[in-house]
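K.L.:
The structure's right below; bear with me while I get my questions together.
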Protein chains: 2
Amino acid sequence: MKALRFENNKLKLAEISKPSLETEAIVRVLKSGICNTDLEIVKGYANFSGTIGHEFVGVVEEAEDAPDLIGKRVVGEINAGCGRCERCLTGDARHCPARTVLGIVRRDGAHAEFLSLPSRNLLEVPEEVSNEQAVFTEPLAAAFGITEQVQIFPETRIAVIGDGKLGNLCAQSLALKSRNVSLIGKHKEKLSLIEKRNIETVLLEKTKNLPEDFDVVVEASGSEGGFGLALDLLKPRGKLVLKSTFHGTAKWQAWRVVVDEITIVGSRCGRFAPALELLKNKKIDVENLISEELSLSEGVKAIKRAEQKGAMKILLSMTN
Amino acid sequence: MKALRFENNKLKLAEISKPSLETEAIVRVLKSGICNTDLEIVKGYANFSGTIGHEFVGVVEEAEDAPDLIGKRVVGEINAGCGRCERCLTGDARHCPARTVLGIVRRDGAHAEFLSLPSRNLLEVPEEVSNEQAVFTEPLAAAFGITEQVQIFPETRIAVIGDGKLGNLCAQSLALKSRNVSLIGKHKEKLSLIEKRNIETVLLEKTKNLPEDFDVVVEASGSEGGFGLALDLLKPRGKLVLKSTFHGTAKWQAWRVVVDEITIVGSRCGRFAPALELLKNKKIDVENLISEELSLSEGVKAIKRAEQKGAMKILLSMTN
């Protein structure tokens with residue numbers, strides 16, 4: 001089968017054998033989405049070698065321990081725990097110390113014709129959700145997961161920093177809980193994608209006019225500057241949600257966090273079930289985030305497109 | 001009156017006029033305590049000029065708006081809010097943006113024969129609490145305040161990093177709520193001060209043997225290394241309480257906070273009333289933290305003593 005792989009510090013489309021793990025379900029991938037994490041991996045930041053990609057929708061071809069799933073259209077939670085440790089036994093495989101992560105940590109990923117995952121990781125996609133929408137389940141789960149970590153009320157004042165895909169999904173998710181969401185970004189055209197959702201948009205250069213009294217600020221820009229801006233915008237005892245994994249070591253003024261008694265909440269993955277429910281009920285716009293769809297065989301080119309300025313979500317299709 | 005002042009980048013004992021603000025209470029100071037923040041101020045880190053010191057016990061001499069307080073032995077909350085902003089009106093003068101802070105921000109402090117504070121800042125000291133103990137009300141309030149920011153259960157696994165005064169008070173405070181508290185430090189003799197309180201003590205060089213599964217880690221060492229160690233010791237989704245205001249910009253690996261979904265809680269001041277209650281009921285040992293008591297006129301020397309390795313709390317007495 002075809003697979004988009006990063007090996008020996010090189011990205012290439014390779015022909016490899018189809019997965020055939022008897023203990024896992026085999027999924028025929030229909031579409032996959034390129035995430036910024038894929039771009040970080042391709043830069044060599046994540047020490048990963050293998051098939052990349054972790055956002056997908058597909059059809060189950062084999063599932064020995066869950067025959068009901070066969071033929072179903074599914075998405076899949078990307079963390080596969082050991083199933084035996086304390087974390088796994090309490091239902092939190094996302095933090096299992098021995099976990100593998102689809103296309104990120106010691107597990108071949110989704111930019112391929114087939115992938116394997118434990119059947120317990122798979123969720124059926126409701127028929128109201130298109131393939132294009134379903135690919136957004138993983139990033140939407142990560143964005144909506146914030147609302148399970150930080151209490152949001154209708155009057156909570158929230159700023160999201162970063163007008164890329166993740167920032168957009170975070171702002172939309174938070175706007176379902178709060179009337180006071182602002183999205184801050186550098187790009188007029190990206191900010192304009194969200195305007196109809198009743199979210200205030202603010203160009204980065206205009207943030208000096210914002211009152212420094214936000215209850216919650218989400219850093220989703222992936223830049224060190226975003227972290228400093230977040231501290232500037234928060235009120236005392238406010239909460240800073242760190243959503244993007246910028247690499248390298250950031251500098252920060254720890255004393256400001258202490259003096260203003262700021263809480264910083266690291267936030268990575270979220271649960272898929274609520275995200276699928278949001279997509280089913282058309283609560284979140286995702287299709288306008290798609291810049292382009294290419295075929296898997298154009299995978300290397302697709303990654304280059306995703307790296308270009310202004311790109312939003314690039315999809316890969318395995319069916320054309 | 002005599003006052004220990006930091007002015008024009010110099011520490012000196014000065015003769016200045018007694019405070020005489022009609023809108024505030026005037027307190028005759030009995031004893032004051034030297035805090036590490038005083039040492040930072042004297043290094044010029046805090047941009048403060050005036051009388052230093054913020055830990056004290058004294059007797060009220062004047063209080064126009066609260067005559068019942070006159071003659072009472074008191075301690076005082078160190079943050080004085082404007083009394084008119086949203087923060088002050090909701091009872092949180094500690095975060096009033098226009099606040100002054102005793103001996104720290106635009107307000108003469110406690111290493112002096114007299115000080116002034118709004119009468120609403122003063123709390124009467126129960127007779128069971130000695131002057132020496134009462135001086136610890138402020139740092140104990142800051143330590144015990146952690147339990148109001150982070151939920152602690154009897155089984156919560158907690159590590160406190162730093163065997164100085166603050167770390168010691170944090171460990172003792174947390175041990176009132178949890179059976180599983182470890183204090184980590186560099187100094188055998190400082191660690192030994194806490195042993196009878198059923199707190200495990202661990203020398204810094206032995207931390208490699210500790211399991212990395214703490215629910216809560218308190219950074220009270222004031223060093224950048226303490227922050228890194230705290231991240232190493234936490235379990236996924238654990239909480240890192242930042243208690244000390246180390247200056248300069250620290251470096252940190254933000255991605256670790258995201259991937260492990262760590263929460264960092266900045267923590268500065270706490271409420272005085274619970275701290276006085278703890279001292280009254282002998283729940284916390286503070287007297288064994290006192291290294292030495294000097295008279296106010298030896299203030300400059302006392303600061304030098306406090307800067308020496310191995311020093312714990314140095315008290316100043318205004319009555320001898």
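Note on naming: chains are A, B, ... as they come in the structure tokens, residues start from 1 per chain, ligands start from 1 in the order shown.
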List the spatial neighbours of Ile290 of chain A as a list of chain:residue names - criterion: any atom at most 7 Å away, only C-alpha atoms, same-chain residues fewer than 6 positions off excluded.

P.N.:
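Listed by chain and then number, they are A:Met312, A:Lys313, A:Ile314.
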
K.L.:
Output C-alpha atoms for every residue in the selection just made, as a compact mmCIF listing (two decimals), in the first residue's frame.

P.N.:
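Output saved as selection.txt:
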# COMPACT_ATOMS: atom_id res chain seq x y z
CA MET A 312 -5.33 26.30 6.41
CA LYS A 313 -6.33 22.61 6.40
CA ILE A 314 -4.96 20.46 3.56

K.L.:
Within 9 Å of Glu64 of chain A, counting only C-alpha atoms, which residues show up once you throw out same-chain ones fewer than 6 positions away? Write them as a list of chain:residue names, please.

P.N.:
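Residues meeting the cut-off are A:Glu22, A:Thr23, A:Glu24, A:Ala25, A:Ser119.
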
K.L.:
What does the distance from atom CA of Gly145 of chain B to atom CA of Pro236 of chain B come to in Å, to one decimal?

P.N.:
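These two atoms are separated by 23.7 Å.
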
K.L.:
Quick check for you: according to DSSP on this backbone, which residues of segment 26-70 of chain B are classed as alpha helix (DSSP H)? Reply as a list of chain:residue names.

P.N.:
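Filtering segment 26-70 of chain B down to alpha helix (DSSP H) leaves B:Asn36, B:Thr37, B:Asp38, B:Leu39, B:Glu40, B:Ile41, B:Val42.
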
K.L.:
Contacts of Glu292 of chain B at 12 Å or less, counting only C-alpha atoms, minus same-chain residues fewer than 5 places along, as a list in words?

P.N.:
Gly33, Ile34, Glu132, Glu287, Glu298, Lys301, Ala302, Ile303, Arg305, Ala306, Gly310, Ala311, Met312, Lys313, Ile314, Leu315, Leu316 and Ser317 of chain B

K.L.:
Output the contact residues of chain B with respect to chain A at a cut-off of 9 Å, based on only C-alpha atoms, as a PDB file with N, CA and C atoms, in the first residue's frame.

P.N.:
ATOM      1  N   HIS B  95      -5.230  41.820  44.762  1.00  0.00           N
ATOM      2  CA  HIS B  95      -4.980  41.956  43.329  1.00  0.00           C
ATOM      3  C   HIS B  95      -5.457  43.287  42.775  1.00  0.00           C
ATOM      4  N   CYS B  96      -5.728  44.251  43.640  1.00  0.00           N
ATOM      5  CA  CYS B  96      -6.082  45.599  43.177  1.00  0.00           C
ATOM      6  C   CYS B  96      -4.925  46.136  42.337  1.00  0.00           C
ATOM      7  N   PRO B  97      -5.207  46.591  41.104  1.00  0.00           N
ATOM      8  CA  PRO B  97      -4.090  47.055  40.265  1.00  0.00           C
ATOM      9  C   PRO B  97      -3.403  48.302  40.833  1.00  0.00           C
ATOM     10  N   PRO B 236       1.260  12.857  34.858  1.00  0.00           N
ATOM     11  CA  PRO B 236       0.449  13.573  33.879  1.00  0.00           C
ATOM     12  C   PRO B 236      -0.788  14.171  34.556  1.00  0.00           C
ATOM     13  N   ARG B 237      -1.179  15.362  34.089  1.00  0.00           N
ATOM     14  CA  ARG B 237      -2.308  16.100  34.661  1.00  0.00           C
ATOM     15  C   ARG B 237      -2.063  16.530  36.106  1.00  0.00           C
ATOM     16  N   LEU B 242       3.661  27.282  41.822  1.00  0.00           N
ATOM     17  CA  LEU B 242       4.839  28.168  41.797  1.00  0.00           C
ATOM     18  C   LEU B 242       4.694  29.135  42.944  1.00  0.00           C
ATOM     19  N   LYS B 243       5.573  29.002  43.933  1.00  0.00           N
ATOM     20  CA  LYS B 243       5.406  29.763  45.159  1.00  0.00           C
ATOM     21  C   LYS B 243       6.446  30.858  45.285  1.00  0.00           C
ATOM     22  N   SER B 244       7.595  30.672  44.678  1.00  0.00           N
ATOM     23  CA  SER B 244       8.649  31.659  44.899  1.00  0.00           C
ATOM     24  C   SER B 244       8.837  32.513  43.656  1.00  0.00           C
ATOM     25  N   THR B 245       9.104  33.787  43.896  1.00  0.00           N
ATOM     26  CA  THR B 245       9.234  34.734  42.797  1.00  0.00           C
ATOM     27  C   THR B 245      10.688  34.900  42.422  1.00  0.00           C
ATOM     28  N   PHE B 246      11.262  33.897  41.731  1.00  0.00           N
ATOM     29  CA  PHE B 246      12.628  34.106  41.282  1.00  0.00           C
ATOM     30  C   PHE B 246      12.614  35.109  40.146  1.00  0.00           C
ATOM     31  N   HIS B 247      13.591  35.987  40.167  1.00  0.00           N
ATOM     32  CA  HIS B 247      13.619  37.048  39.166  1.00  0.00           C
ATOM     33  C   HIS B 247      14.460  36.618  37.973  1.00  0.00           C
ATOM     34  N   GLY B 248      14.511  37.471  37.003  1.00  0.00           N
ATOM     35  CA  GLY B 248      15.142  37.067  35.757  1.00  0.00           C
ATOM     36  C   GLY B 248      14.125  36.245  34.974  1.00  0.00           C
ATOM     37  N   THR B 249      14.472  35.897  33.750  1.00  0.00           N
ATOM     38  CA  THR B 249      13.551  35.100  32.941  1.00  0.00           C
ATOM     39  C   THR B 249      14.009  33.652  32.953  1.00  0.00           C
ATOM     40  N   ALA B 250      13.138  32.785  33.358  1.00  0.00           N
ATOM     41  CA  ALA B 250      13.457  31.361  33.389  1.00  0.00           C
ATOM     42  C   ALA B 250      13.193  30.754  32.024  1.00  0.00           C
ATOM     43  N   LYS B 251      13.916  29.704  31.729  1.00  0.00           N
ATOM     44  CA  LYS B 251      13.637  28.941  30.516  1.00  0.00           C
ATOM     45  C   LYS B 251      12.834  27.714  30.908  1.00  0.00           C
ATOM     46  N   TRP B 252      11.959  27.291  30.034  1.00  0.00           N
ATOM     47  CA  TRP B 252      11.225  26.074  30.344  1.00  0.00           C
ATOM     48  C   TRP B 252      10.791  25.410  29.055  1.00  0.00           C
ATOM     49  N   GLN B 253      10.516  24.139  29.188  1.00  0.00           N
ATOM     50  CA  GLN B 253      10.102  23.381  28.023  1.00  0.00           C
ATOM     51  C   GLN B 253       8.582  23.333  27.997  1.00  0.00           C
ATOM     52  N   ALA B 254       8.004  24.320  27.320  1.00  0.00           N
ATOM     53  CA  ALA B 254       6.553  24.469  27.322  1.00  0.00           C
ATOM     54  C   ALA B 254       5.856  23.220  26.798  1.00  0.00           C
ATOM     55  N   TRP B 255       6.478  22.523  25.841  1.00  0.00           N
ATOM     56  CA  TRP B 255       5.806  21.371  25.249  1.00  0.00           C
ATOM     57  C   TRP B 255       5.542  20.289  26.292  1.00  0.00           C
ATOM     58  N   ARG B 256       6.414  20.206  27.315  1.00  0.00           N
ATOM     59  CA  ARG B 256       6.174  19.179  28.336  1.00  0.00           C
ATOM     60  C   ARG B 256       4.892  19.478  29.111  1.00  0.00           C
ATOM     61  N   VAL B 257       4.646  20.754  29.352  1.00  0.00           N
ATOM     62  CA  VAL B 257       3.439  21.161  30.069  1.00  0.00           C
ATOM     63  C   VAL B 257       2.200  20.797  29.253  1.00  0.00           C
ATOM     64  N   VAL B 258       2.308  20.952  27.923  1.00  0.00           N
ATOM     65  CA  VAL B 258       1.177  20.639  27.048  1.00  0.00           C
ATOM     66  C   VAL B 258       0.977  19.128  26.944  1.00  0.00           C
ATOM     67  N   VAL B 259       2.058  18.414  26.650  1.00  0.00           N
ATOM     68  CA  VAL B 259       1.933  16.975  26.390  1.00  0.00           C
ATOM     69  C   VAL B 259       1.416  16.251  27.647  1.00  0.00           C
ATOM     70  N   ASP B 260       1.934  16.621  28.804  1.00  0.00           N
ATOM     71  CA  ASP B 260       1.473  15.974  30.038  1.00  0.00           C
ATOM     72  C   ASP B 260       0.275  16.693  30.666  1.00  0.00           C
ATOM     73  N   GLU B 261      -0.208  17.718  29.993  1.00  0.00           N
ATOM     74  CA  GLU B 261      -1.367  18.476  30.481  1.00  0.00           C
ATOM     75  C   GLU B 261      -1.214  18.871  31.958  1.00  0.00           C
ATOM     76  N   ILE B 262      -0.050  19.457  32.248  1.00  0.00           N
ATOM     77  CA  ILE B 262       0.254  19.948  33.592  1.00  0.00           C
ATOM     78  C   ILE B 262      -0.486  21.266  33.823  1.00  0.00           C
ATOM     79  N   THR B 263      -0.912  21.494  35.053  1.00  0.00           N
ATOM     80  CA  THR B 263      -1.441  22.802  35.435  1.00  0.00           C
ATOM     81  C   THR B 263      -0.420  23.483  36.347  1.00  0.00           C
ATOM     82  N   ILE B 264      -0.081  24.725  36.020  1.00  0.00           N
ATOM     83  CA  ILE B 264       0.845  25.506  36.845  1.00  0.00           C
ATOM     84  C   ILE B 264       0.031  26.577  37.564  1.00  0.00           C
ATOM     85  N   VAL B 265       0.157  26.619  38.875  1.00  0.00           N
ATOM     86  CA  VAL B 265      -0.643  27.555  39.664  1.00  0.00           C
ATOM     87  C   VAL B 265       0.287  28.561  40.343  1.00  0.00           C
ATOM     88  N   GLY B 266       0.222  29.814  39.920  1.00  0.00           N
ATOM     89  CA  GLY B 266       0.987  30.865  40.587  1.00  0.00           C
ATOM     90  C   GLY B 266       0.327  31.197  41.918  1.00  0.00           C
ATOM     91  N   SER B 267       1.132  31.319  42.973  1.00  0.00           N
ATOM     92  CA  SER B 267       0.562  31.474  44.310  1.00  0.00           C
ATOM     93  C   SER B 267       1.404  32.464  45.102  1.00  0.00           C
ATOM     94  N   ARG B 268       0.791  33.522  45.618  1.00  0.00           N
ATOM     95  CA  ARG B 268       1.559  34.563  46.292  1.00  0.00           C
ATOM     96  C   ARG B 268       1.135  34.721  47.743  1.00  0.00           C
ATOM     97  N   CYS B 269       0.023  35.395  47.973  1.00  0.00           N
ATOM     98  CA  CYS B 269      -0.385  35.702  49.347  1.00  0.00           C
ATOM     99  C   CYS B 269      -1.538  34.804  49.771  1.00  0.00           C
TER     100      CYS B 269
END

K.L.:
Would you work out the distance separating atom CA of Asn320 of chain A from atom CA of Arg28 of chain A, expressed in Å to one decimal?

P.N.:
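Distance between the two atoms: 13.7 Å.
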
K.L.:
Apply DSSP to the backbone of this structure and, from segment 28-74 of chain B, keep only the residues in strand (DSSP E); write these as a list in words.

P.N.:
Arg28, Val29, Leu30, Lys31, Ser32, Gly33, Ile34, Gly50, Thr51, Glu55, Phe56, Val57, Gly58, Val59, Val60, Glu61, Glu62, Arg73 and Val74 of chain B

K.L.:
Report the distance between atom CA of Arg197 of chain A and atom CA of Asn180 of chain A in Å, rounded to one decimal place.

P.N.:
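About the pair atom CA of Arg197 of chain A and atom CA of Asn180 of chain A: they are 11.6 Å apart.
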
K.L.:
Smallest atom-to-atom distance to Asp92 of chain A: which of A:Ile194, A:Gly270, A:Phe114, A:Asp163, using only C-alpha atoms?

P.N.:
A:Gly270

K.L.:
Env of Lys2 of chain A: 12 Å cut, atoms = only C-alpha atoms, seq-sep filter 4 positions within chain, self excluded. Answer as a list in words.

P.N.:
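The residues that qualify are Lys12, Leu13, Ala14, Glu15, Ile16, Ser17, Lys18, Pro19, Arg28, Val29, Thr51, Gly109, Ala110, His111, Ala112, Glu113, Phe114, Leu115, Ser295, Leu296, Ser297, Glu298, Gly299, Ser317, Met318 and Thr319 of chain A.
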